[in-house]
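Q: This is the structure I want to talk about, given as structure tokens.
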There are 2 protein chains.
Amino acid sequence: MQRYFVSEDQLNGSTVTITGDDVKHIARVMRMQEGEEIIVSNNAGRTVLAKLKKLSESDIQAEVLEELDPKTELPIKVTVAQGLPKGDKLELITQKGTELGVSCFQPFQASRSIVKWDMKKSKKKVERLEKIAKEAAEQSYREIIPTIKEAASFTQLLETIEGYTHTIVAYEESAKTGEASNLHNVLNQVKSGDSVLIVIGPEGGLTEEEVSELEGKGAVLCGLGPRIIRTETAPLYVMAAISYHLELMR
Amino acid sequence: MQRYFVSEDQLNGSTVTITGDDVKHIARVMRMQEGEEIIVSNNAGRTVLAKLKKLSESDIQAEVLEELDPKTELPIKVTVAQGLPKGDKLELITQKGTELGVSCFQPFQASRSIVKWDMKKSKKKVERLEKIAKEAAEQSYREIIPTIKEAASFTQLLETIEGYTHTIVAYEESAKTGEASNLHNVLNQVKSGDSVLIVIGPEGGLTEEEVSELEGKGAVLCGLGPRIIRTETAPLYVMAAISYHLELMR
């Protein structure tokens with residue numbers, strides 16, 4: 001069944017109002033009619049089954065049939081801090097990371113980031129990623145749409161670390177020296193409700209200085225296996241490992 | 001350091017001969033000179049450090065300096081049987097799957113595959129995926145290049161199952177009903193040297209008939225967490241879980 005996110009005021013008691021692009025999607029792409037059912041989430045913990053009542057060009061009215069409880073969120077909140085990668089990799093990371101349960105994406109300007117975050121285009125860039133996150137959240141039946149932050153400087157990123165229960169750094173050099181138990185050790189300590197920050201370097205990796213500053217703030221350096229994986233593959237590996245450890249290893 | 005694969009006869013005793021596109025890559029892209037070092041694998045278990053001795057337009061000669069033992073292969077051989085997906089998703093799966101340790105990619109024609117495998121273009125398609133696998137294997141420091149098979153029919157796929165120690169089916173309906181321990185149970189049973197087949201449906205999923213035929217051959221249906229992940233994300237999730245379980249959970 002098709003799933004849509006609306007704002008909190010659009011899911012009001014037993015009435016749903018759908019506006020914007022979703023109107024086109026329901027009426028033109030899906031060619032749905034009055035009486036058909038959709039799933040609607042308000043991005044604040046409420047998800048309902050609703051029946052379409054009235055379709056117009058500008059908005060769609062639907063009626064709540066049933067309160068749902070999809071339970072599709074990870075038991076922890078994960079923020080992916082991604083050193084700005086080249087090309088459209090941030091889009092891939094946003095789409096796949098959303099499917100895998102990320103709560104927040106925080107791009108940051110790493111020393112070795114070749115791409116610079118263009119502050120003039122920042123709003124547009126964030127909006128583009130928010131659209132990708134919304135569509136992926138609908139597709140994967142998430143209860144919330146992950147937040148997209150504007151790019152932070154490395155210093156700004158460091159300052160956020162104390163706000164998290166755990167900080168993990170995906171570190172290639174750890175893998176090369178055979179470090180192979182830190183990720184598992186951290187995940188063994190994680191408790192429901194914890195917040196976890198995952199820091200991932202850009203294509204050239206994090207510098208030694210960046211790594212030692214992260215360590216100074218209590219971050220744990222983790223190898224992700226013996227193979228060298230690309231910057232955009234690293235967050236997906238960590239998210240799959242988190243899901244496997246917390247949701248499947250029972 | 002740059003890594004290259006050569007055929008077995010090109011890594012002969014203490015001499016390496018590099019031909020084809022890699023000559024251009026070394027001389028023009030990397031602008032390397034005599035005396036510089038590269039890592040060379042013969043895709044059959046031998047990996048060496050070599051020093052460039054003589055560069056020409058057609059080939060490059062290098063001398064073996066040291067035998068290496070990267071130990072970057074998973075302890076098991078994993079074949080990903082992917083129901084033919086739309087667009088260029090098979091390319092993404094090949095690149096990321098190679099980084100994550102896949103040994104063989106076996107596309108198959110599933111009932112709900114919208115794309116058909118064009119037998120006339122089959123050789124070209126396989127060559128394109130082989131090139132992606134080779135580049136990803138070099139980048140991720142694999143010891144072997146994964147094999148790419150031509151698309152099989154579902155019946156042909158079924159016939160291969162008895163050749164594997166374990167067969168896992170990524171099954172969305174399992175996830176929906178809360179199945180959450182089969183993947184972990186299988187990975188707990190896996191032993192070094194085992195062969196594992198992972199079967200993944202196309203965008204529309206496997207049909208009930210396909211699933212029951214797979215089950216009849218002893219395949220285990222596994223949910224991949226409560227979120228609904230796209231067809232191209234499923235093999236990456238399973239490969240990351242395999243690496244996490246076998247390489248990091250010590």
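For the structure tokens, the naming scheme is as follows: chains receive sequential letters (A, B, ...) according to their order of presentation, residues are indexed from 1 within each chain, and ligands are indexed from 1 in presentation order.
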Can you tell me which residues surround stretch 101-109 of chain A at a distance of at most 6 Å, considering only C-alpha atoms, apart from same-chain residues fewer than 5 positions away, and format the answer as a PyMOL selection string?
A: chain A and resi 77-84+146-149+151-153
Q: Export, as a compact mmCIF listing (two decimals), in the first residue's frame, the selected residues with all heavy atoms.
A:
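File written: again-v2.txt
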```txt
# COMPACT_ATOMS: atom_id res chain seq x y z
N LYS A 77 18.79 6.20 18.00
CA LYS A 77 18.81 7.28 17.00
C LYS A 77 20.23 7.40 16.44
O LYS A 77 21.17 7.64 17.18
CB LYS A 77 18.41 8.61 17.64
CG LYS A 77 16.97 8.64 18.12
CD LYS A 77 16.31 9.98 17.81
CE LYS A 77 14.83 9.94 18.17
NZ LYS A 77 14.09 8.88 17.48
N VAL A 78 20.34 7.23 15.12
CA VAL A 78 21.67 7.26 14.51
C VAL A 78 21.83 8.49 13.62
O VAL A 78 21.01 8.74 12.74
CB VAL A 78 21.92 6.00 13.65
CG1 VAL A 78 23.33 6.03 13.08
CG2 VAL A 78 21.68 4.73 14.46
N THR A 79 22.88 9.25 13.87
CA THR A 79 23.25 10.37 13.00
C THR A 79 24.48 9.96 12.20
O THR A 79 25.47 9.50 12.76
CB THR A 79 23.57 11.63 13.83
OG1 THR A 79 22.38 12.04 14.49
CG2 THR A 79 24.09 12.76 12.95
N VAL A 80 24.39 10.12 10.87
CA VAL A 80 25.55 9.83 10.01
C VAL A 80 26.23 11.16 9.68
O VAL A 80 25.63 12.01 9.02
CB VAL A 80 25.13 9.10 8.73
CG1 VAL A 80 26.27 9.09 7.71
CG2 VAL A 80 24.69 7.67 9.04
N ALA A 81 27.46 11.34 10.17
CA ALA A 81 28.25 12.52 9.83
C ALA A 81 29.19 12.12 8.71
O ALA A 81 30.13 11.35 8.89
CB ALA A 81 29.04 13.01 11.04
N GLN A 82 28.89 12.62 7.52
CA GLN A 82 29.61 12.17 6.33
C GLN A 82 30.53 13.27 5.84
O GLN A 82 30.07 14.38 5.54
CB GLN A 82 28.57 11.82 5.24
CG GLN A 82 29.15 11.33 3.95
CD GLN A 82 29.50 9.84 3.99
OE1 GLN A 82 28.80 9.03 4.60
NE2 GLN A 82 30.62 9.48 3.37
N GLY A 83 31.83 12.99 5.78
CA GLY A 83 32.76 13.93 5.16
C GLY A 83 32.33 14.14 3.72
O GLY A 83 32.08 13.17 3.00
N LEU A 84 32.19 15.39 3.29
CA LEU A 84 31.60 15.69 1.98
C LEU A 84 32.25 14.86 0.88
O LEU A 84 33.45 14.99 0.63
CB LEU A 84 31.74 17.18 1.66
CG LEU A 84 30.70 18.10 2.26
CD1 LEU A 84 31.04 19.55 1.91
CD2 LEU A 84 29.30 17.75 1.79
N PRO A 146 14.10 11.16 8.05
CA PRO A 146 15.35 11.63 8.65
C PRO A 146 15.57 13.12 8.39
O PRO A 146 15.12 13.66 7.39
CB PRO A 146 16.42 10.80 7.92
CG PRO A 146 15.71 9.65 7.32
CD PRO A 146 14.30 10.09 7.07
N THR A 147 16.26 13.76 9.33
CA THR A 147 16.59 15.18 9.20
C THR A 147 17.86 15.34 8.38
O THR A 147 18.79 14.55 8.52
CB THR A 147 16.88 15.75 10.62
OG1 THR A 147 15.82 15.33 11.48
CG2 THR A 147 16.98 17.25 10.60
N ILE A 148 17.89 16.37 7.52
CA ILE A 148 19.11 16.69 6.76
C ILE A 148 19.65 18.01 7.29
O ILE A 148 18.93 19.02 7.31
CB ILE A 148 18.82 16.86 5.26
CG1 ILE A 148 17.93 15.75 4.71
CG2 ILE A 148 20.12 17.04 4.47
CD1 ILE A 148 18.59 14.43 4.49
N LYS A 149 20.90 18.00 7.73
CA LYS A 149 21.50 19.24 8.23
C LYS A 149 22.37 19.87 7.14
O LYS A 149 22.89 19.17 6.27
CB LYS A 149 22.38 18.92 9.45
CG LYS A 149 21.62 18.34 10.64
CD LYS A 149 21.19 19.44 11.59
CE LYS A 149 20.46 18.89 12.80
NZ LYS A 149 21.37 18.31 13.80
N ALA A 151 25.89 21.47 5.84
CA ALA A 151 27.24 20.99 6.15
C ALA A 151 27.82 21.77 7.32
O ALA A 151 27.67 22.99 7.42
CB ALA A 151 28.14 21.13 4.93
N ALA A 152 28.47 21.05 8.23
CA ALA A 152 29.14 21.65 9.37
C ALA A 152 30.64 21.69 9.09
O ALA A 152 31.15 20.96 8.24
CB ALA A 152 28.88 20.82 10.62
N SER A 153 31.35 22.56 9.79
CA SER A 153 32.81 22.48 9.77
C SER A 153 33.22 21.33 10.68
O SER A 153 32.41 20.84 11.48
CB SER A 153 33.42 23.79 10.28
OG SER A 153 33.13 23.91 11.66
```
Q: When DSSP is applied to the backbone of this structure, which of stretch 37-190 of chain B are assigned strand (DSSP E)? Write them out as a PyMOL selection string.
A: chain B and resi 37-41+47-55+59-68+77-83+104-109+147-148+152-153+166-170
Q: Would you tabulate, counting only C-alpha atoms, all residues of chain A that have an atom at most 7 Å from an atom of chain B, showing the closest pair of atoms and their distance in Å to one decimal, sorted by chain then ascending number, as CSV?
A:
```
residue,atom,partner,partner_atom,distance
A:Thr72,CA,B:Pro226,CA,5.0
A:Lys96,CA,B:Thr233,CA,6.9
A:Glu99,CA,B:Ile229,CA,5.6
A:Ser140,CA,B:Ile228,CA,4.2
A:Tyr141,CA,B:Arg227,CA,6.0
A:Arg142,CA,B:Arg227,CA,6.6
A:Ala180,CA,B:Leu248,CA,4.8
A:Ser181,CA,B:Leu248,CA,5.2
A:His184,CA,B:Met249,CA,5.7
A:Gly225,CA,B:Glu247,CA,6.1
A:Pro226,CA,B:Thr72,CA,5.0
A:Arg227,CA,B:Ser140,CA,5.3
A:Ile228,CA,B:Ser140,CA,4.2
A:Ile229,CA,B:Glu99,CA,5.6
A:Thr233,CA,B:Lys96,CA,6.9
A:Tyr237,CA,B:Ala240,CA,5.2
A:Ala240,CA,B:Tyr237,CA,5.2
A:Ala241,CA,B:Ala241,CA,5.5
A:Ser243,CA,B:Gly225,CA,6.6
A:Tyr244,CA,B:Ala241,CA,6.2
A:Glu247,CA,B:Gly225,CA,6.1
A:Leu248,CA,B:Ala180,CA,4.8
A:Met249,CA,B:His184,CA,5.7
A:Arg250,CA,B:Ser181,CA,6.2
```
Q: If we count only C-alpha atoms, what is near A:Val186 at a cut-off of 9 Å, once residues fewer than 6 positions away on the same chain are taken out, given as an MDAnalysis selection string?
A: chainID A and resid 166:168 220
Q: Quote the spacing between atom CA of A:Ser113 and atom CA of A:Pro85 in Å to one decimal place.
A: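 Separation between atom CA of A:Ser113 and atom CA of A:Pro85: 6.4 Å.
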Q: Can you tell me how far atom CA of A:Leu129 sits from atom CA of B:Ala170, in Å to one decimal?
A: 28.1 Å
Q: Give the answer as one residue: which of B:Asn188, B:Ser111, B:Asn12, B:Gln33 has the shortest atom-to-atom distance to B:Phe154, using only C-alpha atoms?
A: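 Of the candidates, the smallest distance to B:Phe154 is held by B:Ser111.
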Q: Mind listing the helix (DSSP H, G or I) residues of stretch 11-78 of chain A, per DSSP on the backbone, as a PyMOL selection string?
A: chain A and resi 21-29
Q: Return the single residue from B:Val169, B:Ile39, B:Ala27, B:Leu65 that is closest to B:Ile198, with distances computed using only C-alpha atoms.
A: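 Counting only C-alpha atoms, the residue closest to B:Ile198 is B:Val169.
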Q: Restricting the calculation to only C-alpha atoms: of B:Ile76, B:Ile18, B:Ala50, B:Ala175, which residue gets closest to B:Val196?
A: B:Ile76
Q: Give me, please, the distance in Å between atom CA of A:Leu11 and atom CA of A:Ile60, quoted to one decimal.
A: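 About the pair atom CA of A:Leu11 and atom CA of A:Ile60: they are 12.0 Å apart.
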Q: Considering only C-alpha atoms, can you say which of A:Asp59, A:Glu8, A:Glu37, A:Glu172 comes closest to A:Gly20?
A: A:Asp59
Q: Taking only C-alpha atoms into account, which of A:Glu173, A:Thr160, A:Asp194, A:Ile26 comes nearest A:Gly218?
A: A:Thr160
Q: Can you list, as a PyMOL selection string, every protein, DNA or RNA residue that comes within 7 Å of B:Ser14 when you count only C-alpha atoms, leaving out same-chain residues fewer than 2 positions away?
A: chain B and resi 12+16+63-64
